[in-house]
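Shown next: start35.cif, containing mmCIF, C-alpha atoms.
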```
data_my_file
loop_
_atom_site.label_atom_id
_atom_site.label_comp_id
_atom_site.auth_asym_id
_atom_site.auth_seq_id
_atom_site.Cartn_x
_atom_site.Cartn_y
_atom_site.Cartn_z
CA MET A 1 33.06 35.93 19.98
CA ALA A 2 33.81 39.56 20.87
CA GLN A 3 33.42 40.55 17.22
CA THR A 4 30.05 38.82 17.06
CA THR A 5 28.90 40.77 20.13
CA ILE A 6 29.99 44.08 18.59
CA GLU A 7 28.22 43.26 15.35
CA ARG A 8 25.06 42.36 17.29
CA GLU A 9 25.19 45.65 19.22
CA ARG A 10 25.64 47.64 16.00
CA HIS A 11 22.76 45.80 14.35
CA THR A 12 20.58 46.61 17.37
CA GLU A 13 21.59 50.28 17.17
CA GLU A 14 20.76 50.41 13.45
CA ARG A 15 17.24 49.32 14.34
CA SER A 16 16.99 51.79 17.25
CA ALA A 17 16.27 55.30 16.04
CA TYR A 18 16.78 56.70 19.54
CA ALA A 19 20.22 55.09 19.87
CA ILE A 20 21.19 56.71 16.57
CA ALA A 21 19.85 60.09 17.77
CA ILE A 22 21.89 59.85 20.99
CA ARG A 23 25.03 58.87 19.08
CA GLN A 24 24.64 61.89 16.80
CA LEU A 25 24.04 64.22 19.76
CA GLU A 26 27.14 62.94 21.56
CA ALA A 27 29.26 63.49 18.46
CA ALA A 28 28.06 67.11 18.19
CA ALA A 29 28.60 67.65 21.92
CA HIS A 30 32.22 66.56 21.47
CA TYR A 31 32.83 69.26 18.83
CA LEU A 32 31.08 71.86 20.98
CA ASN A 33 32.92 70.77 24.14
CA LEU A 34 29.51 70.67 25.81
CA ASP A 35 29.30 70.41 29.59
CA ARG A 36 28.42 66.83 30.61
CA SER A 37 25.52 67.97 32.78
CA LEU A 38 24.02 69.95 29.92
CA LEU A 39 24.50 66.99 27.60
CA GLU A 40 22.51 64.82 30.01
CA VAL A 41 19.68 67.35 29.92
CA LEU A 42 19.65 67.34 26.11
CA LYS A 43 19.69 63.53 25.92
CA HIS A 44 16.38 63.06 27.70
CA PRO A 45 12.88 64.00 26.51
CA ARG A 46 11.09 66.44 28.81
CA ARG A 47 7.91 64.36 28.86
CA GLU A 48 6.49 61.18 27.34
CA LEU A 49 2.81 60.24 27.26
CA ILE A 50 1.59 56.71 26.43
CA VAL A 51 -2.14 56.25 25.89
CA ASN A 52 -4.18 53.08 25.35
CA PHE A 53 -7.62 53.93 24.08
CA PRO A 54 -10.69 52.08 22.74
CA VAL A 55 -12.18 52.73 19.31
CA LYS A 56 -15.53 51.44 18.06
CA MET A 57 -15.08 49.72 14.69
CA ASP A 58 -17.59 49.59 11.84
CA ASP A 59 -18.60 46.01 12.70
CA GLY A 60 -19.54 47.04 16.24
CA SER A 61 -16.44 45.57 17.88
CA ILE A 62 -14.07 47.52 20.14
CA ARG A 63 -10.32 47.67 19.48
CA VAL A 64 -7.73 49.15 21.81
CA PHE A 65 -4.97 51.19 20.16
CA THR A 66 -1.72 52.50 21.64
CA GLY A 67 -0.54 56.04 20.99
CA TYR A 68 2.37 58.26 22.02
CA ARG A 69 3.24 61.94 22.32
CA VAL A 70 6.77 63.01 23.27
CA HIS A 71 8.18 66.49 23.99
CA HIS A 72 11.95 66.73 23.80
CA ASN A 73 13.35 70.10 24.95
CA PRO A 74 11.15 73.21 25.42
CA ALA A 75 13.93 75.80 25.57
CA ARG A 76 13.26 77.53 22.23
CA GLY A 77 9.47 77.61 22.12
CA PRO A 78 6.28 75.54 21.85
CA ALA A 79 6.59 71.86 20.93
CA LYS A 80 6.21 71.08 17.22
CA GLY A 81 6.07 67.73 15.52
CA GLY A 82 4.08 65.41 13.33
CA ILE A 83 1.72 62.57 14.13
CA ARG A 84 2.24 59.31 12.29
CA TYR A 85 -0.08 56.34 11.90
CA HIS A 86 1.95 53.22 11.16
CA PRO A 87 2.05 49.59 12.37
CA GLU A 88 5.67 49.97 13.49
CA VAL A 89 5.32 53.14 15.59
CA THR A 90 7.24 52.71 18.86
CA LEU A 91 8.14 54.87 21.83
CA ASP A 92 11.82 54.51 20.88
CA GLU A 93 11.17 55.90 17.40
CA THR A 94 8.92 58.67 18.73
CA ARG A 95 11.64 59.81 21.16
CA ALA A 96 14.18 59.95 18.34
CA LEU A 97 11.86 61.87 16.02
CA ALA A 98 11.09 64.41 18.78
CA MET A 99 14.81 64.96 19.35
CA TRP A 100 15.52 65.31 15.63
CA MET A 101 12.68 67.84 15.40
CA THR A 102 14.34 69.91 18.14
CA TRP A 103 17.56 70.17 16.13
CA LYS A 104 15.66 70.68 12.88
CA CYS A 105 13.76 73.70 14.19
CA ALA A 106 17.01 75.14 15.56
CA VAL A 107 18.94 74.59 12.31
CA VAL A 108 16.38 76.59 10.29
CA ASN A 109 16.07 79.00 13.24
CA ILE A 110 12.33 78.92 13.90
CA PRO A 111 11.05 79.35 17.51
CA TYR A 112 9.89 75.80 18.20
CA SER A 113 11.07 72.84 20.23
CA GLY A 114 10.73 69.24 19.11
CA ALA A 115 7.80 66.89 19.59
CA LYS A 116 6.44 63.78 17.91
CA GLY A 117 3.40 61.58 18.18
CA GLY A 118 1.99 58.43 16.71
CA VAL A 119 -0.54 55.62 16.90
CA VAL A 120 0.28 51.97 16.28
CA CYS A 121 -2.10 51.14 13.44
CA ASP A 122 -2.32 50.53 9.71
CA PRO A 123 -4.46 53.37 8.34
CA LYS A 124 -4.91 51.53 5.03
CA ARG A 125 -6.86 48.84 6.89
CA LEU A 126 -9.23 51.31 8.55
CA SER A 127 -12.34 52.82 7.00
CA VAL A 128 -12.67 56.60 6.88
CA HIS A 129 -15.15 56.42 9.76
CA GLU A 130 -12.80 54.26 11.86
CA LEU A 131 -9.88 56.57 11.10
CA GLU A 132 -11.91 59.57 12.24
CA ASN A 133 -12.97 57.80 15.44
CA LEU A 134 -9.35 56.81 16.16
CA THR A 135 -8.09 60.34 15.52
CA ARG A 136 -10.68 62.07 17.69
CA ARG A 137 -10.15 59.65 20.59
CA TYR A 138 -6.33 59.84 20.36
CA ILE A 139 -6.41 63.65 20.36
CA THR A 140 -8.79 63.64 23.31
CA GLU A 141 -6.34 61.40 25.20
CA ILE A 142 -3.38 63.75 24.57
CA SER A 143 -5.38 67.00 24.77
CA MET A 144 -3.70 68.01 28.03
CA LEU A 145 -0.45 68.48 26.04
CA ILE A 146 -1.49 70.13 22.80
CA GLY A 147 -2.48 73.75 22.18
CA PRO A 148 -1.38 76.73 20.05
CA GLU A 149 0.94 77.96 22.82
CA SER A 150 2.20 74.55 23.97
CA ASP A 151 2.26 71.83 21.29
CA ILE A 152 1.22 72.11 17.65
CA PRO A 153 0.94 68.77 15.78
CA ALA A 154 1.27 68.32 12.00
CA PRO A 155 0.97 65.53 9.41
CA ASP A 156 3.51 62.73 9.14
CA VAL A 157 3.61 59.19 7.74
CA GLY A 158 0.07 57.84 7.43
CA THR A 159 -1.69 61.14 8.20
CA ASN A 160 -2.89 63.96 5.95
CA PRO A 161 -4.79 67.28 5.89
CA GLN A 162 -8.11 65.53 6.63
CA VAL A 163 -6.67 63.99 9.79
CA MET A 164 -5.41 67.43 10.80
CA ALA A 165 -8.91 68.81 10.25
CA TRP A 166 -10.35 66.22 12.65
CA ILE A 167 -7.68 67.16 15.19
CA MET A 168 -8.51 70.86 14.93
CA ASP A 169 -12.25 70.20 15.20
CA THR A 170 -11.86 67.85 18.20
CA TYR A 171 -9.70 70.34 20.10
CA SER A 172 -12.06 73.20 19.18
CA MET A 173 -15.12 71.24 20.39
CA HIS A 174 -13.44 70.78 23.77
CA LYS A 175 -12.62 74.50 23.95
CA GLY A 176 -16.04 75.65 22.76
CA TYR A 177 -14.65 77.85 19.97
CA THR A 178 -12.58 77.40 16.81
CA VAL A 179 -8.81 77.18 17.34
CA PRO A 180 -7.11 76.95 13.90
CA ALA A 181 -3.58 77.42 15.30
CA VAL A 182 -3.66 74.17 17.30
CA VAL A 183 -2.46 72.15 14.31
CA THR A 184 -0.76 72.77 10.96
CA GLY A 185 -1.05 71.01 7.62
CA LYS A 186 -4.82 71.61 7.59
CA PRO A 187 -6.97 72.10 4.49
CA ILE A 188 -6.88 75.71 3.30
CA ALA A 189 -10.65 76.06 3.90
CA ILE A 190 -10.15 75.89 7.68
CA GLY A 191 -6.96 77.90 8.15
CA GLY A 192 -4.33 75.91 6.29
CA SER A 193 -1.53 77.63 4.41
CA GLU A 194 -0.98 77.84 0.69
CA GLY A 195 2.09 75.81 -0.22
CA ARG A 196 2.02 73.55 2.87
CA LEU A 197 1.16 70.29 1.09
CA GLU A 198 4.28 70.39 -1.10
CA ALA A 199 6.51 72.22 1.38
CA THR A 200 8.71 69.29 2.43
CA GLY A 201 9.18 68.20 -1.18
CA ARG A 202 9.95 71.76 -2.25
CA GLY A 203 12.57 72.03 0.48
CA VAL A 204 14.14 68.75 -0.67
CA MET A 205 14.25 70.05 -4.24
CA VAL A 206 15.94 73.28 -3.11
CA MET A 207 18.50 71.31 -1.08
CA ALA A 208 19.30 69.10 -4.09
CA HIS A 209 19.76 72.22 -6.20
CA GLU A 210 22.14 73.78 -3.67
CA ALA A 211 24.10 70.55 -3.19
CA LEU A 212 24.56 70.14 -6.95
CA ARG A 213 25.70 73.75 -7.19
CA GLN A 214 28.27 73.01 -4.49
CA LEU A 215 29.64 70.28 -6.78
CA GLY A 216 29.57 72.51 -9.85
CA ARG A 217 26.43 70.95 -11.32
CA THR A 218 22.85 72.04 -12.00
CA LEU A 219 19.55 70.37 -11.23
CA GLU A 220 18.52 70.55 -14.88
CA GLY A 221 19.49 67.26 -16.49
CA ALA A 222 20.56 65.62 -13.20
CA THR A 223 19.40 62.03 -12.62
CA VAL A 224 17.33 61.44 -9.48
CA ALA A 225 16.15 58.27 -7.69
CA ILE A 226 13.45 58.60 -5.02
CA GLN A 227 12.62 55.88 -2.50
CA GLY A 228 9.06 56.51 -1.34
CA PHE A 229 6.11 57.93 -3.27
CA GLY A 230 3.89 59.25 -0.50
CA ASN A 231 3.24 62.95 0.07
CA VAL A 232 6.93 63.89 0.32
CA GLY A 233 8.25 61.54 -2.35
CA SER A 234 5.58 62.39 -4.91
CA ALA A 235 5.92 66.15 -4.33
CA THR A 236 9.70 65.84 -4.64
CA ALA A 237 9.35 63.91 -7.91
CA LYS A 238 6.92 66.47 -9.30
CA LEU A 239 9.08 69.47 -8.40
CA MET A 240 12.34 67.83 -9.52
CA HIS A 241 10.71 67.00 -12.87
CA GLN A 242 9.42 70.57 -13.26
CA ALA A 243 12.93 71.88 -12.52
CA GLY A 244 14.35 69.85 -15.41
CA ALA A 245 15.80 66.90 -13.51
CA LYS A 246 15.41 63.36 -14.87
CA VAL A 247 13.67 61.15 -12.31
CA VAL A 248 14.89 57.66 -13.21
CA ALA A 249 13.45 55.62 -10.33
CA ILE A 250 10.70 55.76 -7.72
CA SER A 251 9.25 53.22 -5.30
CA ASP A 252 6.56 52.58 -2.72
CA VAL A 253 6.12 49.92 -0.05
CA ARG A 254 5.63 47.21 -2.73
CA GLY A 255 8.77 47.99 -4.70
CA GLY A 256 9.90 50.33 -7.44
CA ILE A 257 10.49 51.01 -11.11
CA TYR A 258 13.58 52.14 -13.00
CA ASN A 259 14.16 53.64 -16.42
CA PRO A 260 17.60 55.23 -17.02
CA ASN A 261 16.01 57.47 -19.67
CA GLY A 262 13.57 58.94 -17.14
CA LEU A 263 10.03 58.23 -15.96
CA ASN A 264 6.80 59.95 -16.95
CA ILE A 265 6.27 61.68 -13.61
CA PRO A 266 3.04 63.55 -14.55
CA ALA A 267 1.44 60.22 -15.52
CA LEU A 268 2.60 58.52 -12.31
CA LEU A 269 1.33 61.39 -10.16
CA HIS A 270 -2.23 60.64 -11.32
CA CYS A 271 -2.20 57.41 -9.35
CA ALA A 272 0.09 58.38 -6.44
CA GLY A 273 -0.99 56.77 -3.17
CA ARG A 274 -2.78 53.85 -4.81
CA ASP A 275 -1.43 50.37 -4.08
CA GLY A 276 0.04 48.72 -7.16
CA CYS A 277 0.03 51.96 -9.15
CA ILE A 278 3.79 52.15 -9.60
CA GLN A 279 4.20 48.48 -10.45
CA ALA A 280 1.55 48.77 -13.20
CA TYR A 281 3.69 51.32 -15.05
CA ARG A 282 4.96 49.51 -18.15
CA ASP A 283 7.79 51.61 -19.53
CA ALA A 284 10.26 50.66 -16.77
CA GLU A 285 12.08 47.79 -15.09
CA LEU A 286 10.66 46.47 -11.82
CA ILE A 287 13.14 46.76 -8.94
CA THR A 288 13.12 46.34 -5.17
CA ASN A 289 13.42 49.19 -2.67
CA GLU A 290 16.89 47.93 -1.80
CA GLU A 291 17.98 47.93 -5.46
CA LEU A 292 16.74 51.49 -5.92
CA LEU A 293 19.16 52.73 -3.27
CA GLU A 294 22.12 51.31 -5.20
CA LEU A 295 21.27 52.68 -8.66
CA PRO A 296 23.69 54.98 -10.51
CA CYS A 297 22.32 58.52 -10.21
CA ASP A 298 23.34 62.07 -9.34
CA VAL A 299 20.85 62.49 -6.48
CA LEU A 300 19.35 59.80 -4.25
CA VAL A 301 16.34 60.83 -2.14
CA PRO A 302 15.37 58.36 0.61
CA ALA A 303 11.82 59.50 1.37
CA ALA A 304 10.48 56.44 3.21
CA LEU A 305 11.43 55.29 6.73
CA HIS A 306 14.61 55.43 8.82
CA GLY A 307 17.60 53.10 8.71
CA VAL A 308 17.52 52.08 5.04
CA ILE A 309 21.16 52.95 4.27
CA THR A 310 23.39 51.07 6.70
CA GLY A 311 26.92 49.80 7.10
CA HIS A 312 25.84 46.78 5.07
CA ASN A 313 24.90 48.59 1.83
CA ALA A 314 26.72 51.95 2.03
CA GLU A 315 29.65 50.66 -0.07
CA ARG A 316 27.23 49.92 -2.93
CA ILE A 317 25.61 53.38 -3.04
CA GLN A 318 26.42 54.99 -6.41
CA ALA A 319 24.76 58.40 -5.99
CA ARG A 320 26.88 61.55 -5.89
CA ILE A 321 24.49 63.23 -3.43
CA ILE A 322 22.00 61.89 -0.88
CA VAL A 323 19.21 64.24 0.24
CA GLU A 324 17.45 62.80 3.30
CA ALA A 325 13.75 63.46 2.80
CA ALA A 326 12.91 60.83 5.45
CA ASN A 327 13.96 61.04 9.09
CA GLY A 328 17.11 59.05 9.87
CA PRO A 329 17.45 57.03 6.64
CA VAL A 330 21.27 56.84 6.97
CA THR A 331 22.77 55.16 10.05
CA PRO A 332 25.96 56.50 11.71
CA ASP A 333 28.01 53.53 10.42
CA ALA A 334 26.81 54.25 6.89
CA ASP A 335 27.59 57.95 7.36
CA GLU A 336 31.26 57.16 7.97
CA ILE A 337 31.47 55.01 4.86
CA LEU A 338 29.69 57.54 2.65
CA ASP A 339 31.89 60.34 3.99
CA ASP A 340 35.05 58.35 3.24
CA ARG A 341 33.77 57.73 -0.30
CA GLY A 342 33.15 61.45 -0.89
CA ILE A 343 29.37 61.17 -1.17
CA LEU A 344 27.67 64.40 -0.05
CA VAL A 345 24.81 63.77 2.38
CA VAL A 346 22.37 66.59 3.05
CA PRO A 347 21.09 65.57 6.52
CA ASP A 348 17.45 65.10 7.42
CA ILE A 349 17.39 67.89 10.02
CA LEU A 350 18.13 70.28 7.16
CA ALA A 351 16.88 68.50 4.04
CA ASN A 352 13.30 67.82 5.11
CA ALA A 353 12.83 70.99 7.19
CA GLY A 354 10.65 72.62 4.51
CA GLY A 355 7.55 71.09 6.09
CA VAL A 356 8.14 72.57 9.53
CA VAL A 357 9.15 75.94 8.04
CA VAL A 358 5.81 76.27 6.26
CA SER A 359 4.03 74.82 9.30
CA TYR A 360 5.54 77.75 11.20
CA PHE A 361 4.23 80.10 8.50
CA GLU A 362 0.77 78.51 8.81
CA TRP A 363 0.79 78.89 12.61
CA VAL A 364 1.77 82.56 12.29
CA GLN A 365 -0.99 83.16 9.74
CA ASP A 366 -3.57 81.47 11.97
CA LEU A 367 -2.54 83.52 15.01
CA GLN A 368 -2.77 86.73 12.98
CA ALA A 369 -5.86 85.68 10.99
CA PHE A 370 -4.05 87.09 7.97
CA PHE A 371 -3.06 84.78 5.11
CA TRP A 372 -0.38 84.94 2.41
CA GLU A 373 -0.49 83.99 -1.26
CA GLU A 374 1.28 80.79 -2.35
CA GLU A 375 4.01 82.67 -4.21
CA GLU A 376 4.93 84.53 -1.02
CA VAL A 377 4.96 81.31 1.03
CA ASN A 378 7.18 79.53 -1.51
CA LEU A 379 9.61 82.45 -1.75
CA LYS A 380 9.93 82.69 2.04
CA LEU A 381 10.44 78.91 2.24
CA GLU A 382 13.14 78.83 -0.43
CA LYS A 383 14.93 81.78 1.14
CA ALA A 384 14.93 80.11 4.57
CA MET A 385 16.15 76.79 3.17
CA ARG A 386 18.96 78.34 1.10
CA ARG A 387 20.12 80.47 4.00
CA SER A 388 20.19 77.42 6.27
CA TYR A 389 22.01 75.29 3.68
CA HIS A 390 24.81 77.82 3.29
CA HIS A 391 25.11 78.27 7.06
CA VAL A 392 25.46 74.51 7.48
CA ALA A 393 27.94 74.23 4.61
CA GLN A 394 30.09 77.04 6.04
CA THR A 395 29.99 75.52 9.54
CA ALA A 396 30.99 72.13 8.12
CA GLU A 397 33.89 73.67 6.21
CA GLN A 398 35.10 75.70 9.20
CA ASN A 399 35.08 72.65 11.47
CA LYS A 400 36.34 70.24 8.77
CA VAL A 401 33.33 67.95 9.24
CA ASN A 402 30.56 66.65 6.99
CA MET A 403 27.20 68.37 6.45
CA ARG A 404 25.42 66.30 9.08
CA MET A 405 27.85 67.29 11.79
CA GLY A 406 27.74 70.90 10.57
CA ALA A 407 23.96 70.89 11.00
CA TYR A 408 24.19 69.28 14.43
CA ILE A 409 26.79 71.79 15.60
CA ILE A 410 24.39 74.60 14.71
CA GLY A 411 21.23 72.96 16.06
CA VAL A 412 22.64 71.56 19.30
CA ASN A 413 24.53 74.79 20.03
CA ARG A 414 21.38 76.92 19.64
CA VAL A 415 19.34 74.64 21.91
CA ALA A 416 22.17 74.36 24.47
CA GLU A 417 22.52 78.15 24.53
CA ALA A 418 18.77 78.63 25.08
CA THR A 419 18.73 75.96 27.79
CA THR A 420 21.68 77.57 29.57
CA ILE A 421 20.26 81.08 29.37
CA ARG A 422 16.89 79.97 30.74
CA GLY A 423 18.52 78.00 33.55
CA ILE A 424 17.26 75.02 35.53
CA TYR A 425 13.96 75.45 37.39
CA PRO A 426 13.62 75.77 40.36
#
```
If you took the structure in this file and wrote it as structure tokens, what would it be?
Amino acid sequence: MAQTTIERERHTEERSAYAIAIRQLEAAAHYLNLDRSLLEVLKHPRRELIVNFPVKMDDGSIRVFTGYRVHHNPARGPAKGGIRYHPEVTLDETRALAMWMTWKCAVVNIPYSGAKGGVVCDPKRLSVHELENLTRRYITEISMLIGPESDIPAPDVGTNPQVMAWIMDTYSMHKGYTVPAVVTGKPIAIGGSEGRLEATGRGVMVMAHEALRQLGRTLEGATVAIQGFGNVGSATAKLMHQAGAKVVAISDVRGGIYNPNGLNIPALLHCAGRDGCIQAYRDAELITNEELLELPCDVLVPAALHGVITGHNAERIQARIIVEAANGPVTPDADEILDDRGILVVPDILANAGGVVVSYFEWVQDLQAFFWEEEEVNLKLEKAMRRSYHHVAQTAEQNKVNMRMGAYIIGVNRVAEATTIRGIYP
């Protein structure tokens, strides 16, 4: 009976992103010998806003949507974090993502704190007009939090540059003048940055390259499986292919395809984002998302949602390296199994930080009203990612821990130091 209770509690934790985030924080605090009072401060978000707002639909009806915006810890700078539109958005998940963003910004050493937001909806079931109405009303509801000096949103699951443009315009209308720096991931025509759209995928590609080098391999000729073919997954596939890797499997919400000889990525990119596109590809075997995770490959890139690699399937993972393009795709129980099996995991707070690094670059460019060429943006991004990878790897080696704990030691320590130096007000 006791065993059943433990299993039930672990299953609940695997589904709770925030429980996973707390467990990871506590593990890092143990290595840092963090003061218990300080740990309690770091465990809790600074503020959480829940909004329920009406939206007029195309048929004239009114629907009420629920949205969230969470700020975690403000010690290192303005809040930064994406906005996701998804049917399964919850406050629990939003808290976890805000906390992970805090550590992520600290690991790559940019002056932001963590935030996250979301609306419970299925954007694929909304018209463009309904999506615009929802976005403008949601941003109006959370407008007391956002601003270029306080909280700068960005795209996430279910949102894109057009949504960011509506956010910027809505905020600017309230202010009475144009404020490009209120949001990042915008179209270039209104203050977006060159290189931002592919930034997360480029960072993932760089992390895969560095991880393979650590194992004495090269990206050229390496086999790669990617779960998820949205903005991050498709950009990762494109850049991996261009770097000479062999992408053998990809998937979307409907399932995936597998060809051990490699997929025609340029052809698949032409229909990225369209339902059924992947499954219509003929020169491959149809597989499930679960099967993709267990394929033999050099690099596995989970680029969908959290909690897909758990204690239940970690023993069947055959990849040499896992690069976490999604947030929280590997649970703590799975982490222990993968570590014991010698599988190198490049953690999400490092692996997918390319997006926030270039968001930082975009924010800086907007504040200065001076913009950089794409080559400069990409070079700065790759330099920042490589520097951060080697810092994490060295920290992990010095403390005899895995890469995830190495990243958490760096991130939590930097935030704890800033929190301590600033003190507790009043």
Translate the PyMOL selection byres ((chain A and resi 355) around 9), as applied to the file shown, into an explicit residue set as a list in words. Gly185, Arg196, Leu197, Glu198, Ala199, Thr200, Gly201, Arg202, Gly203, Asn352, Ala353, Gly354, Val356, Val357, Val358, Ser359 and Tyr360 of chain A
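You can rank A:Gly158, A:Gly307, A:Gly255, A:Pro302 by their closest distance to Ile322 in chain A using all atoms listed in the file, and at the top of that list sits A:Pro302.
You can rank A:Gln162, A:Thr218, A:Thr66, A:Ser251 by their closest distance to Gln279 in chain A using all atoms listed in the file, and at the top of that list sits A:Ser251.
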Anything within 12 Å of (27.6, 72.0, 31.2): list those residues as a PDB file with C-alpha atoms, in the coordinates of the input, counting only C-alpha atoms and sticking to the file's coordinates.
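Produced file selection26.pdb, reproduced below:
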```
ATOM      1  CA  ALA A  29      28.600  67.650  21.920  1.00  0.00           C
ATOM      2  CA  LEU A  32      31.080  71.860  20.980  1.00  0.00           C
ATOM      3  CA  ASN A  33      32.920  70.770  24.140  1.00  0.00           C
ATOM      4  CA  LEU A  34      29.510  70.670  25.810  1.00  0.00           C
ATOM      5  CA  ASP A  35      29.300  70.410  29.590  1.00  0.00           C
ATOM      6  CA  ARG A  36      28.420  66.830  30.610  1.00  0.00           C
ATOM      7  CA  SER A  37      25.520  67.970  32.780  1.00  0.00           C
ATOM      8  CA  LEU A  38      24.020  69.950  29.920  1.00  0.00           C
ATOM      9  CA  LEU A  39      24.500  66.990  27.600  1.00  0.00           C
ATOM     10  CA  GLU A  40      22.510  64.820  30.010  1.00  0.00           C
ATOM     11  CA  VAL A  41      19.680  67.350  29.920  1.00  0.00           C
ATOM     12  CA  LEU A  42      19.650  67.340  26.110  1.00  0.00           C
ATOM     13  CA  ASN A 413      24.530  74.790  20.030  1.00  0.00           C
ATOM     14  CA  ALA A 416      22.170  74.360  24.470  1.00  0.00           C
ATOM     15  CA  GLU A 417      22.520  78.150  24.530  1.00  0.00           C
ATOM     16  CA  THR A 419      18.730  75.960  27.790  1.00  0.00           C
ATOM     17  CA  THR A 420      21.680  77.570  29.570  1.00  0.00           C
ATOM     18  CA  ILE A 421      20.260  81.080  29.370  1.00  0.00           C
ATOM     19  CA  GLY A 423      18.520  78.000  33.550  1.00  0.00           C
ATOM     20  CA  ILE A 424      17.260  75.020  35.530  1.00  0.00           C
TER      21      ILE A 424
END
```
Nearest to Met240 in chain A: which of A:Leu300, A:Ala189, A:Val51, A:Ala272 is it, counting all atoms listed in the file?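 Residue with the minimum atom-to-atom distance to Met240 in chain A: A:Leu300.
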Mind giving me the straight-line distance from CA of Pro155 in chain A to CA of Ala326 in chain A in Å, one decimal?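 Pair CA of Pro155 in chain A / CA of Ala326 in chain A returns 13.4 Å.
If you look at CA of Met168 in chain A and CA of Glu382 in chain A, they are 27.7 Å away from each other.
Using all atoms listed in the file, the nearest neighbour of Arg404 in chain A within the list A:Ile22, A:Cys105, A:Ala27, A:Val377 is A:Ala27.
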